[in-house]
Structures are given as C-alpha cells and as structure tokens.
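Novice: My structure file work_24.pdb, PDB, C-alpha atoms, is below:
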MODEL        1
ATOM      1  CA  MET A   1     109.671 133.269 100.999
ATOM      2  CA  GLU A   2     112.337 130.620 101.243
ATOM      3  CA  ARG A   3     112.353 128.113  98.396
ATOM      4  CA  TRP A   4     111.749 125.084 100.639
ATOM      5  CA  ILE A   5     108.559 126.693 102.006
ATOM      6  CA  PHE A   6     107.327 127.251  98.456
ATOM      7  CA  TYR A   7     108.035 123.584  97.648
ATOM      8  CA  ALA A   8     106.293 122.455 100.835
ATOM      9  CA  VAL A   9     103.185 124.482  99.977
ATOM     10  CA  LEU A  10     103.131 122.994  96.468
ATOM     11  CA  SER A  11     103.514 119.524  97.995
ATOM     12  CA  MET A  12     100.568 120.210 100.294
ATOM     13  CA  LEU A  13      98.365 121.401  97.420
ATOM     14  CA  PHE A  14      99.203 118.466  95.154
ATOM     15  CA  ALA A  15      98.745 115.990  98.019
ATOM     16  CA  GLY A  16      95.277 117.397  98.640
ATOM     17  CA  PHE A  17      94.326 116.979  95.009
ATOM     18  CA  THR A  18      95.866 113.493  94.931
ATOM     19  CA  SER A  19      93.541 112.035  97.542
ATOM     20  CA  VAL A  20      90.316 113.314  95.991
ATOM     21  CA  ILE A  21      91.346 112.426  92.441
ATOM     22  CA  ALA A  22      92.445 108.935  93.554
ATOM     23  CA  LYS A  23      89.077 108.315  95.227
ATOM     24  CA  MET A  24      87.356 109.342  91.982
ATOM     25  CA  GLY A  25      89.585 106.967  89.996
ATOM     26  CA  MET A  26      88.800 104.030  92.291
ATOM     27  CA  GLU A  27      85.041 104.272  91.922
ATOM     28  CA  ASN A  28      84.885 100.929  90.082
ATOM     29  CA  VAL A  29      88.294  99.402  90.848
ATOM     30  CA  SER A  30      90.009  98.055  93.938
ATOM     31  CA  ALA A  31      92.401 100.078  96.060
ATOM     32  CA  GLU A  32      95.172  97.691  95.039
ATOM     33  CA  LEU A  33      94.619  98.223  91.307
ATOM     34  CA  GLY A  34      94.185 101.973  91.777
ATOM     35  CA  LEU A  35      97.451 102.227  93.678
ATOM     36  CA  SER A  36      99.244 100.067  91.115
ATOM     37  CA  VAL A  37      98.141 102.249  88.193
ATOM     38  CA  ARG A  38      99.011 105.415  90.100
ATOM     39  CA  THR A  39     102.451 104.077  90.997
ATOM     40  CA  VAL A  40     103.300 103.332  87.364
ATOM     41  CA  PHE A  41     102.618 106.974  86.535
ATOM     42  CA  VAL A  42     104.539 108.223  89.589
ATOM     43  CA  CYS A  43     107.525 106.096  88.589
ATOM     44  CA  GLY A  44     107.468 107.461  85.059
ATOM     45  CA  PHE A  45     107.243 111.085  86.186
ATOM     46  CA  VAL A  46     110.035 110.647  88.734
ATOM     47  CA  PHE A  47     112.366 109.037  86.180
ATOM     48  CA  ILE A  48     111.717 111.867  83.711
ATOM     49  CA  PHE A  49     112.376 114.385  86.515
ATOM     50  CA  ALA A  50     115.651 112.616  87.399
ATOM     51  CA  LEU A  51     116.786 112.547  83.767
ATOM     52  CA  MET A  52     116.163 116.277  83.528
ATOM     53  CA  PHE A  53     117.756 117.407  86.793
ATOM     54  CA  VAL A  54     120.225 114.854  88.201
ATOM     55  CA  GLN A  55     123.771 115.461  87.034
ATOM     56  CA  PRO A  56     125.654 112.235  86.125
ATOM     57  CA  ALA A  57     128.495 113.197  88.499
ATOM     58  CA  GLU A  58     126.029 113.041  91.396
ATOM     59  CA  LEU A  59     125.668 109.282  90.903
ATOM     60  CA  GLN A  60     129.194 108.852  92.320
ATOM     61  CA  LYS A  61     127.944 110.188  95.659
ATOM     62  CA  LEU A  62     125.408 107.363  95.914
ATOM     63  CA  ASP A  63     127.009 104.893  98.317
ATOM     64  CA  GLY A  64     125.677 101.749  99.974
ATOM     65  CA  ARG A  65     124.528 103.570 103.106
ATOM     66  CA  ALA A  66     122.510 106.085 101.078
ATOM     67  CA  VAL A  67     120.956 103.307  98.990
ATOM     68  CA  LEU A  68     120.042 101.370 102.137
ATOM     69  CA  TRP A  69     118.284 104.311 103.793
ATOM     70  CA  LEU A  70     116.539 105.295 100.552
ATOM     71  CA  ALA A  71     115.418 101.681 100.036
ATOM     72  CA  ILE A  72     113.966 101.577 103.556
ATOM     73  CA  SER A  73     112.265 104.904 102.858
ATOM     74  CA  GLY A  74     110.842 103.413  99.652
ATOM     75  CA  ALA A  75     109.491 100.427 101.576
ATOM     76  CA  THR A  76     107.834 102.637 104.186
ATOM     77  CA  THR A  77     106.409 104.839 101.414
ATOM     78  CA  ALA A  78     104.946 101.771  99.704
ATOM     79  CA  LEU A  79     103.376 100.565 102.948
ATOM     80  CA  SER A  80     101.990 104.053 103.626
ATOM     81  CA  TRP A  81     100.467 104.227 100.141
ATOM     82  CA  ILE A  82      98.999 100.714 100.371
ATOM     83  CA  PHE A  83      97.184 101.464 103.611
ATOM     84  CA  TYR A  84      96.244 105.002 102.542
ATOM     85  CA  TYR A  85      94.582 103.733  99.376
ATOM     86  CA  LYS A  86      92.716 101.019 101.278
ATOM     87  CA  ALA A  87      91.531 103.702 103.721
ATOM     88  CA  ILE A  88      90.337 106.206 101.098
ATOM     89  CA  LYS A  89      88.604 103.450  99.141
ATOM     90  CA  GLU A  90      86.472 102.610 102.180
ATOM     91  CA  GLY A  91      86.376 105.868 104.149
ATOM     92  CA  GLN A  92      85.883 109.586 103.705
ATOM     93  CA  VAL A  93      88.847 111.265 102.042
ATOM     94  CA  ALA A  94      88.896 114.255 104.406
ATOM     95  CA  THR A  95      88.961 112.062 107.510
ATOM     96  CA  VAL A  96      91.575 109.684 106.103
ATOM     97  CA  ALA A  97      93.741 112.587 104.930
ATOM     98  CA  LEU A  98      93.627 114.203 108.357
ATOM     99  CA  ILE A  99      94.539 110.987 110.151
ATOM    100  CA  ASP A 100      97.365 110.524 107.636
ATOM    101  CA  LYS A 101      98.644 113.979 108.532
ATOM    102  CA  GLY A 102      99.296 112.624 112.003
ATOM    103  CA  SER A 103     102.489 111.499 110.302
ATOM    104  CA  VAL A 104     103.728 115.035 110.998
ATOM    105  CA  VAL A 105     103.848 114.176 114.697
ATOM    106  CA  VAL A 106     105.503 110.810 114.005
ATOM    107  CA  ALA A 107     108.107 112.520 111.773
ATOM    108  CA  MET A 108     108.758 115.173 114.405
ATOM    109  CA  VAL A 109     109.382 112.600 117.133
ATOM    110  CA  LEU A 110     111.540 110.397 114.885
ATOM    111  CA  ALA A 111     113.571 113.421 113.720
ATOM    112  CA  TRP A 112     114.140 114.310 117.367
ATOM    113  CA  ILE A 113     115.236 110.765 118.274
ATOM    114  CA  LEU A 114     117.219 109.810 115.161
ATOM    115  CA  LEU A 115     118.415 113.110 113.728
ATOM    116  CA  ARG A 116     118.702 115.082 116.963
ATOM    117  CA  GLU A 117     116.457 117.828 115.574
ATOM    118  CA  ALA A 118     115.055 120.122 118.225
ATOM    119  CA  ILE A 119     111.409 120.137 119.228
ATOM    120  CA  THR A 120     110.656 123.703 120.228
ATOM    121  CA  PRO A 121     107.737 124.679 122.467
ATOM    122  CA  ARG A 122     106.004 126.098 119.362
ATOM    123  CA  MET A 123     106.393 122.742 117.581
ATOM    124  CA  ALA A 124     105.126 120.850 120.635
ATOM    125  CA  VAL A 125     102.011 123.054 120.743
ATOM    126  CA  GLY A 126     101.485 122.532 117.018
ATOM    127  CA  ALA A 127     101.867 118.758 117.379
ATOM    128  CA  SER A 128      99.378 118.797 120.263
ATOM    129  CA  LEU A 129      96.897 120.690 118.104
ATOM    130  CA  ILE A 130      97.351 118.148 115.298
ATOM    131  CA  VAL A 131      96.657 115.298 117.714
ATOM    132  CA  ALA A 132      93.633 117.174 119.102
ATOM    133  CA  GLY A 133      92.345 117.713 115.566
ATOM    134  CA  LEU A 134      92.814 114.022 114.820
ATOM    135  CA  LEU A 135      90.774 113.089 117.876
ATOM    136  CA  VAL A 136      87.999 115.579 117.054
ATOM    137  CA  ILE A 137      87.629 114.550 113.424
ATOM    138  CA  ALA A 138      88.187 110.806 113.852
ATOM    139  CA  ARG A 139      85.485 110.499 116.551
ATOM    140  CA  ARG A 140      81.912 110.307 115.362
TER     141      ARG A 140
ENDMDL
END
For this file, write the structure as structure tokens.
Specialist:
Amino acid sequence: MERWIFYAVLSMLFAGFTSVIAKMGMENVSAELGLSVRTVFVCGFVFIFALMFVQPAELQKLDGRAVLWLAISGATTALSWIFYYKAIKEGQVATVALIDKGSVVVAMVLAWILLREAITPRMAVGASLIVAGLLVIARR
C-alpha cells in the first residue's frame, strides 16, 4: 500500500472518532466553546509535530505566495470547523458527518478547475454516489 493511502485511512479513522468525541465533550457547553478548546489542543499538537519533523532549512522555501494560500486555507478550515461544530451540537453526528463528506465532491471540482486535475469516469461515478448518499441520508 502506498504511504499516502495509509495516511488517508488514518485521517478517515481519526476524523470519525473526532466527531463523536466532540459531541460527547459538548454535552454541557456551547459549540463555540467546544471548538475553541479543541483548537487550542490541535494547535499545540501541530506545533509539537512541526518541531519534531520540519527541518529549519525548509523555512527558506516559505515564500509570500505559499503563506497567502496557506492562510486562506486556514481561514476556510476555521469556517468549516465553526459550522461543523454548530451542526454536530444540534444535529446527529452521522448525518452531519455525511453531509460534511460532500466536501469530497467540492474538492474534486475545485481541483479540476484550479489545479487541472483530471476527473475520470470512475471519479465521476463515485462523486455521483456520494451526492446520492447525501440526498438519501439528509432526507427524513
């Protein structure tokens, strides 16, 4: 198995745990406070990770363009987390998580438009199935 697939599977597993554990942690607190506490821990873990694995010479490669795109990515991540936490506070985790996974389709289309990545027939079928699953689960 290629390393990136292994990482993607780990990401999927941890993301699944994250939603359920977050809902448990917000039993008596607001989504805003829950997200804030979580983010402090995320920030700490990411800084420790960077200290362990980022070589100082790599910092020279960080130019203004990279910082700009990473900053925009950070802003969209923050907005995603804000709305995700509000959704899981009020709704069912499984339904919210599935709707959130519609981001796969959004990412696929944006990668096609902005990065010129190909959308193969197999990917188009998969995206259609994701959208169909969203419609089935989101409807009552």
Novice: Out of A:Ala15, A:Leu59, A:Val46, A:Met24, which residue has the shortest atom-to-atom distance to Lys101 (chain A) when counting only C-alpha atoms?
Specialist: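 Going through A:Ala15, A:Leu59, A:Val46, A:Met24 one by one, the smallest distance to Lys101 (chain A) is for A:Ala15.
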Novice: Taking all atoms listed in the file into account, which of A:Ala50, A:Met12, A:Ala22, A:Ile5 comes nearest Ile88 (chain A)?
Specialist: A:Ala22
Novice: Could you tell me how far CA of Val93 (chain A) lies from CA of Val131 (chain A), in Å and to one decimal?
Specialist: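 Going from CA of Val93 (chain A) over to CA of Val131 (chain A) covers 18.0 Å.
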Novice: Extract, using all atoms listed in the file, all DNA, RNA and protein residues at most 12 Å from Ser103 (chain A), discarding same-chain residues fewer than 5 positions from it, and format them as an MDAnalysis selection string.
Specialist: chainID A and resid 77 80 84 96:98 108:111 127 130:131 134
Novice: Is it possible to get the residues within 12 Å of (110.2, 112.4, 117.5) (coordinates as in the file, counting all atoms listed in the file) written as a PDB file with C-alpha atoms, in the coordinates of the input?
Specialist:
ATOM      1  CA  SER A 103     102.489 111.499 110.302  1.00  0.00           C
ATOM      2  CA  VAL A 104     103.728 115.035 110.998  1.00  0.00           C
ATOM      3  CA  VAL A 105     103.848 114.176 114.697  1.00  0.00           C
ATOM      4  CA  VAL A 106     105.503 110.810 114.005  1.00  0.00           C
ATOM      5  CA  ALA A 107     108.107 112.520 111.773  1.00  0.00           C
ATOM      6  CA  MET A 108     108.758 115.173 114.405  1.00  0.00           C
ATOM      7  CA  VAL A 109     109.382 112.600 117.133  1.00  0.00           C
ATOM      8  CA  LEU A 110     111.540 110.397 114.885  1.00  0.00           C
ATOM      9  CA  ALA A 111     113.571 113.421 113.720  1.00  0.00           C
ATOM     10  CA  TRP A 112     114.140 114.310 117.367  1.00  0.00           C
ATOM     11  CA  ILE A 113     115.236 110.765 118.274  1.00  0.00           C
ATOM     12  CA  LEU A 114     117.219 109.810 115.161  1.00  0.00           C
ATOM     13  CA  LEU A 115     118.415 113.110 113.728  1.00  0.00           C
ATOM     14  CA  ARG A 116     118.702 115.082 116.963  1.00  0.00           C
ATOM     15  CA  GLU A 117     116.457 117.828 115.574  1.00  0.00           C
ATOM     16  CA  ALA A 118     115.055 120.122 118.225  1.00  0.00           C
ATOM     17  CA  ILE A 119     111.409 120.137 119.228  1.00  0.00           C
ATOM     18  CA  THR A 120     110.656 123.703 120.228  1.00  0.00           C
ATOM     19  CA  MET A 123     106.393 122.742 117.581  1.00  0.00           C
ATOM     20  CA  ALA A 124     105.126 120.850 120.635  1.00  0.00           C
ATOM     21  CA  ALA A 127     101.867 118.758 117.379  1.00  0.00           C
TER      22      ALA A 127
END
Novice: Any idea what the distance is between CA of Gly25 (chain A) and CA of Phe83 (chain A)?
Specialist: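 Atom-to-atom, CA of Gly25 (chain A) and CA of Phe83 (chain A) are spaced 16.5 Å apart.
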Novice: When you draw a straight line from CA of Leu79 (chain A) to CA of Leu51 (chain A), how long is it in Å?
Specialist: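 Rounded to one decimal, the two atoms are 26.3 Å apart.
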Novice: Step by step: start from the point (86.7, 111.0, 95.7) in the file's coordinates, keep every protein, DNA or RNA residue that has an atom no farther than 10 Å from it, count all atoms listed in the file, and write the set as a compact mmCIF listing (two decimals) with C-alpha atoms, in the coordinates of the input.
Specialist:
# COMPACT_ATOMS: atom_id res chain seq x y z
CA PHE A 17 94.33 116.98 95.01
CA THR A 18 95.87 113.49 94.93
CA SER A 19 93.54 112.04 97.54
CA VAL A 20 90.32 113.31 95.99
CA ILE A 21 91.35 112.43 92.44
CA ALA A 22 92.44 108.94 93.55
CA LYS A 23 89.08 108.32 95.23
CA MET A 24 87.36 109.34 91.98
CA GLY A 25 89.58 106.97 90.00
CA MET A 26 88.80 104.03 92.29
CA GLU A 27 85.04 104.27 91.92
CA ILE A 88 90.34 106.21 101.10
CA LYS A 89 88.60 103.45 99.14
CA GLY A 91 86.38 105.87 104.15
CA GLN A 92 85.88 109.59 103.70
CA VAL A 93 88.85 111.26 102.04
CA ALA A 94 88.90 114.26 104.41
